[in-house]
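Q: So here's data.cif (mmCIF, C-alpha atoms and all ligand atoms).
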data_protein
loop_
_atom_site.group_PDB
_atom_site.id
_atom_site.type_symbol
_atom_site.label_atom_id
_atom_site.label_comp_id
_atom_site.auth_asym_id
_atom_site.auth_seq_id
_atom_site.Cartn_x
_atom_site.Cartn_y
_atom_site.Cartn_z
ATOM 1 C CA MET I 288 -13.852 249.262 -3.506
ATOM 2 C CA ARG I 289 -16.984 247.198 -2.983
ATOM 3 C CA ILE I 290 -15.929 243.734 -1.758
ATOM 4 C CA GLU I 291 -18.964 241.596 -2.601
ATOM 5 C CA GLY I 292 -18.160 239.179 -5.448
ATOM 6 C CA LYS I 293 -14.509 240.297 -5.636
ATOM 7 C CA ILE I 294 -11.604 237.855 -5.918
ATOM 8 C CA VAL I 295 -9.156 238.366 -3.066
ATOM 9 C CA LEU I 296 -5.712 236.762 -2.911
ATOM 10 C CA ILE I 297 -4.222 236.760 0.609
ATOM 11 C CA THR I 298 -0.662 235.708 1.512
ATOM 12 C CA GLY I 299 0.162 234.477 5.012
ATOM 13 C CA ALA I 300 -3.443 233.381 5.476
ATOM 14 C CA SER I 301 -2.848 230.260 7.617
ATOM 15 C CA GLU I 302 -2.973 232.124 10.954
ATOM 16 C CA GLY I 303 -3.024 235.564 12.586
ATOM 17 C CA ILE I 304 -4.054 238.661 10.626
ATOM 18 C CA GLY I 305 -4.136 236.849 7.258
ATOM 19 C CA ALA I 306 -6.506 234.134 8.539
ATOM 20 C CA ALA I 307 -8.712 236.811 10.139
ATOM 21 C CA CYS I 308 -8.751 238.716 6.810
ATOM 22 C CA ALA I 309 -9.875 235.527 5.046
ATOM 23 C CA LYS I 310 -12.886 235.302 7.367
ATOM 24 C CA GLU I 311 -13.606 239.050 7.247
ATOM 25 C CA PHE I 312 -13.523 239.266 3.434
ATOM 26 C CA ALA I 313 -15.494 236.019 2.985
ATOM 27 C CA ALA I 314 -18.179 237.433 5.292
ATOM 28 C CA SER I 315 -18.376 240.451 2.946
ATOM 29 C CA GLY I 316 -18.977 238.165 -0.040
ATOM 30 C CA ALA I 317 -15.431 237.865 -1.472
ATOM 31 C CA LYS I 318 -14.082 234.768 -3.239
ATOM 32 C CA LEU I 319 -10.808 233.724 -1.684
ATOM 33 C CA SER I 320 -7.430 232.477 -2.857
ATOM 34 C CA LEU I 321 -5.198 231.773 0.143
ATOM 35 C CA THR I 322 -1.519 230.959 0.448
ATOM 36 C CA ALA I 323 1.026 230.193 3.200
ATOM 37 C CA ARG I 324 3.191 227.155 4.006
ATOM 38 C CA SER I 325 0.674 225.383 6.266
ATOM 39 C CA GLU I 326 -2.039 223.760 4.142
ATOM 40 C CA GLU I 327 -3.931 222.742 7.272
ATOM 41 C CA GLY I 328 -3.980 226.354 8.527
ATOM 42 C CA LEU I 329 -5.188 227.593 5.140
ATOM 43 C CA ARG I 330 -8.049 225.075 5.090
ATOM 44 C CA ARG I 331 -9.030 226.124 8.609
ATOM 45 C CA ALA I 332 -9.053 229.798 7.601
ATOM 46 C CA GLY I 333 -10.782 229.374 4.240
ATOM 47 C CA GLY I 334 -13.305 226.577 4.846
ATOM 48 C CA ASP I 335 -14.514 224.515 1.896
ATOM 49 C CA ASP I 336 -14.896 227.300 -0.649
ATOM 50 C CA ALA I 337 -11.468 228.969 -0.680
ATOM 51 C CA LEU I 338 -8.781 228.063 -3.194
ATOM 52 C CA VAL I 339 -5.766 226.915 -1.183
ATOM 53 C CA THR I 340 -2.185 226.889 -2.478
ATOM 54 C CA ALA I 341 0.440 225.860 0.071
ATOM 55 C CA GLY I 342 4.054 226.956 -0.389
ATOM 56 C CA ASP I 343 6.849 229.275 0.637
ATOM 57 C CA ILE I 344 6.145 232.765 -0.727
ATOM 58 C CA THR I 345 9.866 233.635 -0.841
ATOM 59 C CA ASP I 346 10.079 231.063 -3.640
ATOM 60 C CA GLU I 347 9.255 232.529 -7.065
ATOM 61 C CA ALA I 348 7.760 229.193 -8.198
ATOM 62 C CA THR I 349 5.211 229.386 -5.346
ATOM 63 C CA ARG I 350 4.297 232.946 -6.283
ATOM 64 C CA ARG I 351 3.733 231.934 -9.921
ATOM 65 C CA ARG I 352 1.701 228.883 -8.888
ATOM 66 C CA VAL I 353 -0.599 230.894 -6.594
ATOM 67 C CA VAL I 354 -1.308 233.534 -9.233
ATOM 68 C CA GLU I 355 -1.787 230.994 -12.061
ATOM 69 C CA ARG I 356 -4.134 228.817 -9.986
ATOM 70 C CA THR I 357 -6.160 231.880 -8.922
ATOM 71 C CA LEU I 358 -6.568 233.049 -12.525
ATOM 72 C CA GLU I 359 -7.451 229.503 -13.660
ATOM 73 C CA ARG I 360 -10.142 229.154 -10.986
ATOM 74 C CA TYR I 361 -11.601 232.687 -10.980
ATOM 75 C CA GLY I 362 -10.335 234.403 -14.147
ATOM 76 C CA ALA I 363 -9.213 237.567 -12.316
ATOM 77 C CA ILE I 364 -7.674 239.000 -9.144
ATOM 78 C CA ASP I 365 -9.359 242.136 -7.787
ATOM 79 C CA ILE I 366 -7.542 242.561 -4.488
ATOM 80 C CA LEU I 367 -4.061 241.339 -3.550
ATOM 81 C CA ILE I 368 -3.286 241.376 0.179
ATOM 82 C CA ASN I 369 0.458 240.971 0.748
ATOM 83 C CA ASN I 370 0.315 240.010 4.409
ATOM 84 C CA ALA I 371 2.907 237.246 5.025
ATOM 85 C CA GLY I 372 5.732 238.591 7.144
ATOM 86 C CA VAL I 373 8.075 237.831 10.015
ATOM 87 C CA GLY I 374 10.002 239.706 12.716
ATOM 88 C CA ILE I 375 13.414 239.409 14.330
ATOM 89 C CA TYR I 376 14.505 240.800 17.703
ATOM 90 C CA GLN I 377 18.236 241.192 17.251
ATOM 91 C CA PRO I 378 20.533 244.241 16.985
ATOM 92 C CA THR I 379 21.469 244.898 13.351
ATOM 93 C CA TRP I 380 25.185 245.299 14.215
ATOM 94 C CA GLU I 381 25.491 241.614 15.162
ATOM 95 C CA MET I 382 22.763 239.983 13.092
ATOM 96 C CA PRO I 383 23.886 237.341 10.577
ATOM 97 C CA MET I 384 23.649 238.864 7.092
ATOM 98 C CA ALA I 385 21.709 235.779 5.932
ATOM 99 C CA GLU I 386 18.965 236.667 8.450
ATOM 100 C CA ALA I 387 18.879 240.292 7.277
ATOM 101 C CA ARG I 388 18.540 239.080 3.682
ATOM 102 C CA TYR I 389 15.811 236.579 4.614
ATOM 103 C CA LEU I 390 13.736 239.312 6.269
ATOM 104 C CA MET I 391 13.979 241.482 3.154
ATOM 105 C CA GLU I 392 13.134 238.450 1.019
ATOM 106 C CA LEU I 393 9.887 237.695 2.884
ATOM 107 C CA ASN I 394 8.754 241.175 3.977
ATOM 108 C CA PHE I 395 9.765 243.139 0.869
ATOM 109 C CA PHE I 396 10.764 241.076 -2.192
ATOM 110 C CA ALA I 397 7.857 238.616 -1.872
ATOM 111 C CA PRO I 398 5.235 241.446 -1.960
ATOM 112 C CA LEU I 399 7.125 243.070 -4.847
ATOM 113 C CA GLY I 400 7.229 239.726 -6.707
ATOM 114 C CA MET I 401 3.510 239.135 -6.133
ATOM 115 C CA THR I 402 2.695 242.636 -7.359
ATOM 116 C CA GLN I 403 4.770 242.126 -10.513
ATOM 117 C CA LEU I 404 2.768 238.981 -11.301
ATOM 118 C CA VAL I 405 -0.651 240.436 -10.486
ATOM 119 C CA ALA I 406 -0.365 244.040 -11.749
ATOM 120 C CA PRO I 407 -0.372 243.172 -15.489
ATOM 121 C CA HIS I 408 -3.766 241.431 -15.093
ATOM 122 C CA MET I 409 -5.166 244.326 -13.072
ATOM 123 C CA ARG I 410 -3.814 246.817 -15.659
ATOM 124 C CA ALA I 411 -5.539 244.929 -18.457
ATOM 125 C CA ARG I 412 -8.852 245.281 -16.596
ATOM 126 C CA LYS I 413 -8.102 248.873 -15.480
ATOM 127 C CA SER I 414 -9.052 247.932 -11.938
ATOM 128 C CA GLY I 415 -7.566 246.453 -8.786
ATOM 129 C CA MET I 416 -6.260 247.078 -5.312
ATOM 130 C CA ILE I 417 -2.912 246.099 -3.790
ATOM 131 C CA VAL I 418 -2.867 246.016 -0.002
ATOM 132 C CA ASN I 419 0.502 245.721 1.719
ATOM 133 C CA VAL I 420 0.539 244.864 5.407
ATOM 134 C CA GLY I 421 3.321 246.972 6.880
ATOM 135 C CA SER I 422 3.596 247.996 10.510
ATOM 136 C CA ILE I 423 3.657 251.032 12.778
ATOM 137 C CA GLY I 424 7.366 250.063 12.780
ATOM 138 C CA GLY I 425 7.319 251.114 9.125
ATOM 139 C CA LYS I 426 6.447 254.672 10.225
ATOM 140 C CA VAL I 427 8.578 254.925 13.388
ATOM 141 C CA VAL I 428 11.749 252.839 13.794
ATOM 142 C CA LEU I 429 11.495 250.352 16.672
ATOM 143 C CA PRO I 430 15.043 249.779 17.988
ATOM 144 C CA TRP I 431 14.251 246.301 19.362
ATOM 145 C CA MET I 432 13.523 245.253 15.774
ATOM 146 C CA THR I 433 15.378 247.758 13.612
ATOM 147 C CA LEU I 434 15.783 245.487 10.601
ATOM 148 C CA TYR I 435 12.090 244.595 10.665
ATOM 149 C CA SER I 436 11.355 248.349 10.633
ATOM 150 C CA VAL I 437 13.687 248.716 7.637
ATOM 151 C CA THR I 438 11.690 246.110 5.687
ATOM 152 C CA LYS I 439 8.395 247.809 6.562
ATOM 153 C CA PHE I 440 9.687 251.317 5.678
ATOM 154 C CA ALA I 441 10.727 249.842 2.313
ATOM 155 C CA LEU I 442 7.279 248.293 1.862
ATOM 156 C CA GLY I 443 5.653 251.637 2.703
ATOM 157 C CA ALA I 444 7.776 253.453 0.101
ATOM 158 C CA LEU I 445 6.940 250.759 -2.471
ATOM 159 C CA THR I 446 3.227 251.177 -1.740
ATOM 160 C CA GLU I 447 3.366 254.978 -2.161
ATOM 161 C CA GLY I 448 5.443 254.822 -5.331
ATOM 162 C CA GLN I 449 3.276 252.157 -6.934
ATOM 163 C CA ARG I 450 0.173 254.218 -6.177
ATOM 164 C CA MET I 451 1.614 256.924 -8.446
ATOM 165 C CA GLU I 452 3.063 254.470 -11.015
ATOM 166 C CA LEU I 453 -0.275 252.683 -11.440
ATOM 167 C CA ARG I 454 -2.608 255.643 -11.036
ATOM 168 C CA ARG I 455 -3.778 255.894 -14.649
ATOM 169 C CA ASP I 456 -4.295 252.090 -14.760
ATOM 170 C CA GLY I 457 -7.092 252.253 -12.201
ATOM 171 C CA ILE I 458 -5.063 250.351 -9.577
ATOM 172 C CA ARG I 459 -5.041 251.574 -6.002
ATOM 173 C CA THR I 460 -2.514 250.702 -3.302
ATOM 174 C CA MET I 461 -2.898 250.796 0.460
ATOM 175 C CA ILE I 462 -0.389 250.359 3.289
ATOM 176 C CA VAL I 463 -1.642 248.924 6.588
ATOM 177 C CA CYS I 464 0.271 249.881 9.733
ATOM 178 C CA PRO I 465 -0.875 247.814 12.696
ATOM 179 C CA GLY I 466 0.477 248.453 16.166
ATOM 180 C CA TYR I 467 0.520 245.483 18.528
ATOM 181 C CA VAL I 468 -1.825 242.701 17.355
ATOM 182 C CA LYS I 469 -2.477 239.547 19.421
ATOM 183 C CA THR I 470 -1.232 236.821 17.061
ATOM 184 C CA GLY I 471 1.560 234.248 17.018
ATOM 185 C CA PHE I 472 3.885 236.898 15.518
ATOM 186 C CA GLN I 473 6.009 237.221 18.688
ATOM 187 C CA LYS I 474 6.579 233.465 18.965
ATOM 188 C CA ASN I 475 7.151 233.084 15.219
ATOM 189 C CA VAL I 476 10.057 235.592 15.110
ATOM 190 C CA ARG I 477 13.315 234.408 13.482
ATOM 191 C CA ALA I 478 15.386 235.135 16.616
ATOM 192 C CA GLY I 479 15.367 236.944 19.957
ATOM 193 C CA GLN I 480 12.600 237.891 22.353
ATOM 194 C CA THR I 481 10.218 240.799 22.794
ATOM 195 C CA PRO I 482 11.715 243.281 25.329
ATOM 196 C CA GLY I 483 9.828 243.136 28.661
ATOM 197 C CA ALA I 484 8.249 246.612 28.397
ATOM 198 C CA VAL I 485 6.950 245.800 24.913
ATOM 199 C CA ALA I 486 5.661 242.362 25.952
ATOM 200 C CA ASN I 487 3.761 244.048 28.814
ATOM 201 C CA ALA I 488 1.956 246.227 26.258
ATOM 202 C CA ARG I 489 0.217 243.078 24.949
ATOM 203 C CA LYS I 490 -2.722 243.944 27.207
ATOM 204 C CA PHE I 491 -3.339 247.011 24.982
ATOM 205 C CA ALA I 492 -3.013 244.992 21.762
ATOM 206 C CA ILE I 493 -5.880 244.675 19.314
ATOM 207 C CA THR I 494 -7.116 241.302 18.078
ATOM 208 C CA ALA I 495 -6.432 239.908 14.609
ATOM 209 C CA GLU I 496 -10.177 240.238 13.935
ATOM 210 C CA GLU I 497 -10.126 243.964 14.788
ATOM 211 C CA CYS I 498 -7.129 244.412 12.504
ATOM 212 C CA ALA I 499 -8.872 242.526 9.675
ATOM 213 C CA GLU I 500 -11.970 244.680 10.107
ATOM 214 C CA ALA I 501 -9.825 247.848 9.811
ATOM 215 C CA ILE I 502 -8.278 246.428 6.608
ATOM 216 C CA ARG I 503 -11.688 245.578 5.132
ATOM 217 C CA ARG I 504 -12.996 249.073 5.933
ATOM 218 C CA GLY I 505 -9.840 250.583 4.422
ATOM 219 C CA VAL I 506 -10.423 248.671 1.175
ATOM 220 C CA GLU I 507 -14.072 249.749 1.098
ATOM 221 C CA ARG I 508 -13.185 253.429 1.387
ATOM 222 C CA ASP I 509 -10.107 253.216 -0.906
ATOM 223 C CA ALA I 510 -7.819 254.391 1.896
ATOM 224 C CA ARG I 511 -4.144 255.142 1.196
ATOM 225 C CA THR I 512 -3.000 254.288 4.721
ATOM 226 C CA VAL I 513 -4.638 252.401 7.566
ATOM 227 C CA VAL I 514 -3.084 252.805 11.022
ATOM 228 C CA THR I 515 -4.727 250.463 13.516
ATOM 229 C CA PRO I 516 -5.383 251.147 16.313
ATOM 230 C CA ARG I 517 -5.736 254.811 15.288
ATOM 231 C CA SER I 518 -3.821 255.893 18.418
ATOM 232 C CA GLY I 519 -0.716 254.818 16.428
ATOM 233 C CA TRP I 520 -0.975 258.169 14.602
ATOM 234 C CA LEU I 521 -0.032 259.855 17.916
ATOM 235 C CA LEU I 522 3.310 258.052 17.866
ATOM 236 C CA VAL I 523 3.845 259.010 14.216
ATOM 237 C CA ALA I 524 3.070 262.665 15.000
ATOM 238 C CA ALA I 525 5.251 262.649 18.141
ATOM 239 C CA MET I 526 8.192 261.294 16.130
ATOM 240 C CA ARG I 527 7.771 264.065 13.533
ATOM 241 C CA LEU I 528 7.463 266.832 16.143
ATOM 242 C CA PHE I 529 9.851 265.656 18.886
ATOM 243 C CA PRO I 530 12.242 263.128 17.322
ATOM 244 C CA ALA I 531 14.980 263.383 19.990
ATOM 245 C CA LEU I 532 12.473 262.863 22.799
ATOM 246 C CA VAL I 533 10.821 259.864 21.160
ATOM 247 C CA GLU I 534 14.195 258.301 20.260
ATOM 248 C CA SER I 535 15.376 258.623 23.833
ATOM 249 C CA ARG I 536 12.169 256.976 25.147
ATOM 250 C CA MET I 537 12.485 254.188 22.569
ATOM 251 C CA ALA I 538 16.094 253.540 23.632
ATOM 252 C CA GLN I 539 14.891 253.370 27.261
ATOM 253 C CA ILE I 540 12.275 250.769 26.340
ATOM 254 C CA ASN I 541 14.986 248.893 24.435
ATOM 255 C CA GLY I 542 17.282 248.987 27.480
ATOM 256 C CA THR I 543 19.989 250.830 25.509
ATOM 257 C CA ALA I 544 19.508 254.397 26.842
HETATM 258 N N1 LIG F 1 1.166 240.891 15.180
HETATM 259 C C1 LIG F 1 1.599 242.128 15.219
HETATM 260 O O1 LIG F 1 1.733 242.718 16.305
HETATM 261 C C2 LIG F 1 1.886 242.865 13.933
HETATM 262 C C3 LIG F 1 2.071 244.246 14.022
HETATM 263 C C4 LIG F 1 2.354 244.961 12.883
HETATM 264 C C5 LIG F 1 2.434 244.318 11.661
HETATM 265 N N2 LIG F 1 2.263 242.956 11.592
HETATM 266 C C6 LIG F 1 2.392 242.347 10.264
HETATM 267 O O2 LIG F 1 1.220 241.637 9.965
HETATM 268 C C7 LIG F 1 1.508 240.568 9.075
HETATM 269 C C8 LIG F 1 0.901 239.294 9.628
HETATM 270 O O3 LIG F 1 1.475 239.045 10.899
HETATM 271 P P1 LIG F 1 0.750 238.190 12.027
HETATM 272 O O4 LIG F 1 0.774 238.990 13.263
HETATM 273 O O5 LIG F 1 -0.531 237.643 11.546
HETATM 274 O O6 LIG F 1 1.843 237.029 12.198
HETATM 275 P P2 LIG F 1 1.710 235.430 12.248
HETATM 276 O O7 LIG F 1 0.565 235.050 13.099
HETATM 277 O O8 LIG F 1 3.082 234.940 12.585
HETATM 278 O O9 LIG F 1 1.332 235.036 10.735
HETATM 279 C C9 LIG F 1 2.278 235.140 9.710
HETATM 280 C C10 LIG F 1 1.714 234.497 8.456
HETATM 281 O O10 LIG F 1 2.723 234.556 7.432
HETATM 282 C C11 LIG F 1 2.934 233.238 6.906
HETATM 283 N N3 LIG F 1 4.331 233.048 6.512
HETATM 284 C C12 LIG F 1 5.449 233.222 7.261
HETATM 285 N N4 LIG F 1 6.538 232.905 6.547
HETATM 286 C C13 LIG F 1 6.103 232.513 5.316
HETATM 287 C C14 LIG F 1 6.751 232.057 4.139
HETATM 288 N N5 LIG F 1 8.082 231.933 4.073
HETATM 289 N N6 LIG F 1 5.993 231.732 3.054
HETATM 290 C C15 LIG F 1 4.646 231.850 3.113
HETATM 291 N N7 LIG F 1 3.974 232.291 4.203
HETATM 292 C C16 LIG F 1 4.701 232.607 5.280
HETATM 293 C C17 LIG F 1 2.559 232.301 8.042
HETATM 294 O O11 LIG F 1 2.111 231.050 7.561
HETATM 295 P P3 LIG F 1 2.965 229.676 7.487
HETATM 296 O O12 LIG F 1 3.799 229.604 8.722
HETATM 297 O O13 LIG F 1 1.903 228.639 7.370
HETATM 298 O O14 LIG F 1 3.781 229.804 6.240
HETATM 299 C C18 LIG F 1 1.362 233.035 8.658
HETATM 300 O O15 LIG F 1 0.189 232.721 7.947
HETATM 301 C C19 LIG F 1 3.033 240.525 8.951
HETATM 302 O O16 LIG F 1 3.429 241.143 7.753
HETATM 303 C C20 LIG F 1 3.497 241.324 10.149
HETATM 304 O O17 LIG F 1 4.750 241.919 9.913
HETATM 305 C C21 LIG F 1 1.993 242.228 12.699
#
Would you encode the structure as structure tokens?
Ligand SMILES: NC(=O)c1ccc[n+]([C@@H]2O[C@H](COP(=O)([O-])OP(=O)(O)OC[C@H]3O[C@@H](n4cnc5c(N)ncnc54)[C@H](OP(=O)(O)O)[C@@H]3O)[C@@H](O)[C@H]2O)c1

A:
Amino acid sequence: MRIEGKIVLITGASEGIGAACAKEFAASGAKLSLTARSEEGLRRAGGDDALVTAGDITDEATRRRVVERTLERYGAIDILINNAGVGIYQPTWEMPMAEARYLMELNFFAPLGMTQLVAPHMRARKSGMIVNVGSIGGKVVLPWMTLYSVTKFALGALTEGQRMELRRDGIRTMIVCPGYVKTGFQKNVRAGQTPGAVANARKFAITAEECAEAIRRGVERDARTVVTPRSGWLLVAAMRLFPALVESRMAQINGTA
């Protein structure tokens, strides 16, 4: 999809990948509607021109407000980027159920809720793109954040299914699977700490700007899946071909082998 002149709604746009997407899409000529809890962060990311709606995206009232305000200001939504998300480093067998539910609420139900509000408008115009920011952990389970992986696998399945559900309506869907990206994600987690071996891999991490560029390119070429960096595909392939080997290495990294 050509981005120039398009209306792009981005969740989780106050920092990290979402804020970098705001800049990347604005530079390509998009009109922005941004949401997250921090109004200050949104204004920093969007400058003077972006429509800013601060609020918690797990709250249905916020979701309705963002979509209504975007339609009031611009009259349409061409691209929805469901990016807001959070991690948790805690074994699932001892995690409070409330935390497990919260992660699903933010990483899965919020994107589903946003899509339910936006899809009818896109269907009426027979055009639109829904971009869900998943994770490489949504392709290969990461044992140091199993529940996070569960939410991202669910988001990946939603993205694939909706692509088929909405095919004849001219709506495309795309799942983005970043590996390690240098953002505040690790410090913003709900609980726990990055295992040492994973934290050390930060030197190989891509920047939020590189991730945003991969997302923008993916939208331009109507991609189904964007894995960034592309070397992430090697891990996906290794898991398919040698699952026992990869699992054993993952458990080693997790300190549970
Ligand atoms: N960084 C990585 O290594 C990495 C790798 C793979 C996938 N991802 C995915 O990429 C996406 C963005 O992550 P990031 O690295 O940019 O993380 P980040 O820097 O922590 O940014 C997260 C964004 O989500 C917003 N957010 C969090 N909770 C929210 C809530 N309840 N309501 C509304 N907004 C909320 C935050 O804004 P406020 O705090 O202002 O609300 C912030 O703008 C996430 O879906 C994440 O799972 C990240």

Q: Return as JSON the centre and edge lengths, in Å with one decimal, of the box along x, y and z that encloses every atom of stretch 487-503 of chain I in the file, padded by 5 Å per side.

A:
{"center_x": -4.1, "center_y": 243.9, "center_z": 17.0, "size_x": 25.7, "size_y": 17.9, "size_z": 33.7}

Q: Per residue of stretch 443-519 of chain I within 12 Å of stretch 393-403 of chain I, note the shortest atom pair and the distance in Å to one decimal, counting only C-alpha atoms, and order the rows by chain and increasing residue number, as a tab-separated table.

A:
residue	atom	partner	partner_atom	distance
I:Gly443	CA	I:Phe395	CA	9.6
I:Ala444	CA	I:Phe395	CA	10.5
I:Leu445	CA	I:Leu399	CA	8.0
I:Thr446	CA	I:Leu399	CA	9.5
I:Gly448	CA	I:Leu399	CA	11.9
I:Gln449	CA	I:Thr402	CA	9.5
I:Arg450	CA	I:Thr402	CA	11.9
I:Leu453	CA	I:Thr402	CA	11.2
I:Ile458	CA	I:Thr402	CA	11.2
I:Arg459	CA	I:Thr402	CA	11.9
I:Thr460	CA	I:Thr402	CA	10.4
I:Ile462	CA	I:Pro398	CA	11.8
I:Arg477	CA	I:Leu393	CA	11.6

Q: Taking C-alpha atoms for each residue, export the selection above as a compact mmCIF listing (two decimals), in the coordinates of the input.

A:
# COMPACT_ATOMS: atom_id res chain seq x y z
CA GLY I 443 5.65 251.64 2.70
CA ALA I 444 7.78 253.45 0.10
CA LEU I 445 6.94 250.76 -2.47
CA THR I 446 3.23 251.18 -1.74
CA GLY I 448 5.44 254.82 -5.33
CA GLN I 449 3.28 252.16 -6.93
CA ARG I 450 0.17 254.22 -6.18
CA LEU I 453 -0.28 252.68 -11.44
CA ILE I 458 -5.06 250.35 -9.58
CA ARG I 459 -5.04 251.57 -6.00
CA THR I 460 -2.51 250.70 -3.30
CA ILE I 462 -0.39 250.36 3.29
CA ARG I 477 13.32 234.41 13.48

Q: Using the chain letters and numbering of this document, enumerate as a list in words the residues selected by the PyMOL selection byres (((not hetatm)) within 6 of (chain F and resi 1)).

A: Gly299, Ala300, Ser301, Glu302, Gly303, Ile304, Gly305, Ala323, Arg324, Ser325, Asp343, Ile344, Thr345, Asn370, Ala371, Gly372, Val373, Val420, Gly421, Ser422, Pro465, Gly466, Tyr467, Val468, Lys469, Thr470, Gly471, Phe472 and Asn475 of chain I

Q: For the file shown, what are the residues hit by the PyMOL selection byres (((chain I and resi 379) around 10) and not hetatm), laid out as a list in words?

A: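 Output from the PyMOL selection byres (((chain I and resi 379) around 10) and not hetatm), applied to this file: Ile375, Tyr376, Gln377, Pro378, Trp380, Glu381, Met382, Pro383, Met384, Glu386, Ala387, Pro430, Trp431, Met432, Thr433, Leu434 and Tyr435 of chain I.
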
Q: Just the selected residues (C-alpha atoms), exported as an mmCIF file, in the frame of the given file, please.

A:
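Listed below is the output, part18.cif:
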data_model
loop_
_atom_site.group_PDB
_atom_site.id
_atom_site.type_symbol
_atom_site.label_atom_id
_atom_site.label_comp_id
_atom_site.auth_asym_id
_atom_site.auth_seq_id
_atom_site.Cartn_x
_atom_site.Cartn_y
_atom_site.Cartn_z
ATOM 1 C CA ILE I 375 13.414 239.409 14.330
ATOM 2 C CA TYR I 376 14.505 240.800 17.703
ATOM 3 C CA GLN I 377 18.236 241.192 17.251
ATOM 4 C CA PRO I 378 20.533 244.241 16.985
ATOM 5 C CA TRP I 380 25.185 245.299 14.215
ATOM 6 C CA GLU I 381 25.491 241.614 15.162
ATOM 7 C CA MET I 382 22.763 239.983 13.092
ATOM 8 C CA PRO I 383 23.886 237.341 10.577
ATOM 9 C CA MET I 384 23.649 238.864 7.092
ATOM 10 C CA GLU I 386 18.965 236.667 8.450
ATOM 11 C CA ALA I 387 18.879 240.292 7.277
ATOM 12 C CA PRO I 430 15.043 249.779 17.988
ATOM 13 C CA TRP I 431 14.251 246.301 19.362
ATOM 14 C CA MET I 432 13.523 245.253 15.774
ATOM 15 C CA THR I 433 15.378 247.758 13.612
ATOM 16 C CA LEU I 434 15.783 245.487 10.601
ATOM 17 C CA TYR I 435 12.090 244.595 10.665
#

Q: What residues come out when you apply the PyMOL selection byres (((chain I and resi 310) around 12) and not hetatm) to this file, written as a PyMOL selection string?

A: chain I and resi 295+297+300-309+311-321+329-334+336-337+495-500+503

Q: Counting only C-alpha atoms, figure out which residue out of I:Arg489, I:Arg536, I:Lys474, I:Arg511 gets nearest to I:Leu429.

A: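 Of the candidates, the smallest distance to I:Leu429 is held by I:Arg536.
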
Q: Excluding I:Gly342 and its own-chain neighbours fewer than 4 positions away, which residues fall within 9 Å of it when counting all atoms listed in the file? Please give them as a compact mmCIF listing (two decimals) with C-alpha atoms, in the frame of the given file.

A:
# COMPACT_ATOMS: atom_id res chain seq x y z
CA THR I 322 -1.52 230.96 0.45
CA ALA I 323 1.03 230.19 3.20
CA ARG I 324 3.19 227.16 4.01
CA SER I 325 0.67 225.38 6.27
CA GLU I 326 -2.04 223.76 4.14
CA ASP I 346 10.08 231.06 -3.64
CA ALA I 348 7.76 229.19 -8.20
CA THR I 349 5.21 229.39 -5.35
CA ARG I 350 4.30 232.95 -6.28
CA VAL I 353 -0.60 230.89 -6.59

Q: Here is a test: counting all atoms listed in the file, which residue of I:Ala531, I:Tyr361, I:Met461, I:Thr481 is nearest to I:Asp509?

A: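 Of I:Ala531, I:Tyr361, I:Met461, I:Thr481, the one nearest I:Asp509 is I:Met461, counting all atoms listed in the file.
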
Q: Rounded to one decimal in Å, what is the spacing between atom CA of I:Ala488 and atom CA of I:Ile540?

A: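 Interatomic distance here is 11.3 Å.
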
Q: Pick from I:Arg388, I:Lys439, I:Arg352, I:Arg360: nearest to I:Gly425, with all atoms listed in the file counted?

A: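 Smallest separation from I:Gly425 among the options: I:Lys439.
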
Q: Given all atoms listed in the file as the basis, pick out the residue of I:Glu447, I:Glu507, I:Gly519, I:Met391 nearest to I:Ala492.

A: I:Gly519

Q: For a test of reading the model, state the distance in Å between atom CA of I:Ile493 and atom CA of I:Trp520, rounded to one decimal.

A: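 The value is 15.1 Å.
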
Q: Mind pulling up the distance from atom CA of I:Leu404 to atom CA of I:Glu347?

A: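 Computing it gives 10.1 Å between the two atoms.
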
Q: Which one is closest to I:Ser518: I:Thr298, I:Ile368, I:Ala406, I:Ile423? Count only C-alpha atoms.

A: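 The closest residue to I:Ser518 is I:Ile423.
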
Q: Name the residues within 9 Å of (-7.5, 238.1, -7.9), counting all atoms listed in the file in the file's coordinates, and put them as a list in words.

A: Lys293, Ile294, Val295, Leu296, Lys318, Leu319, Ser320, Val354, Thr357, Leu358, Tyr361, Gly362, Ala363, Ile364, Asp365, Ile366, Leu367, Val405, His408, Met409 and Gly415 of chain I
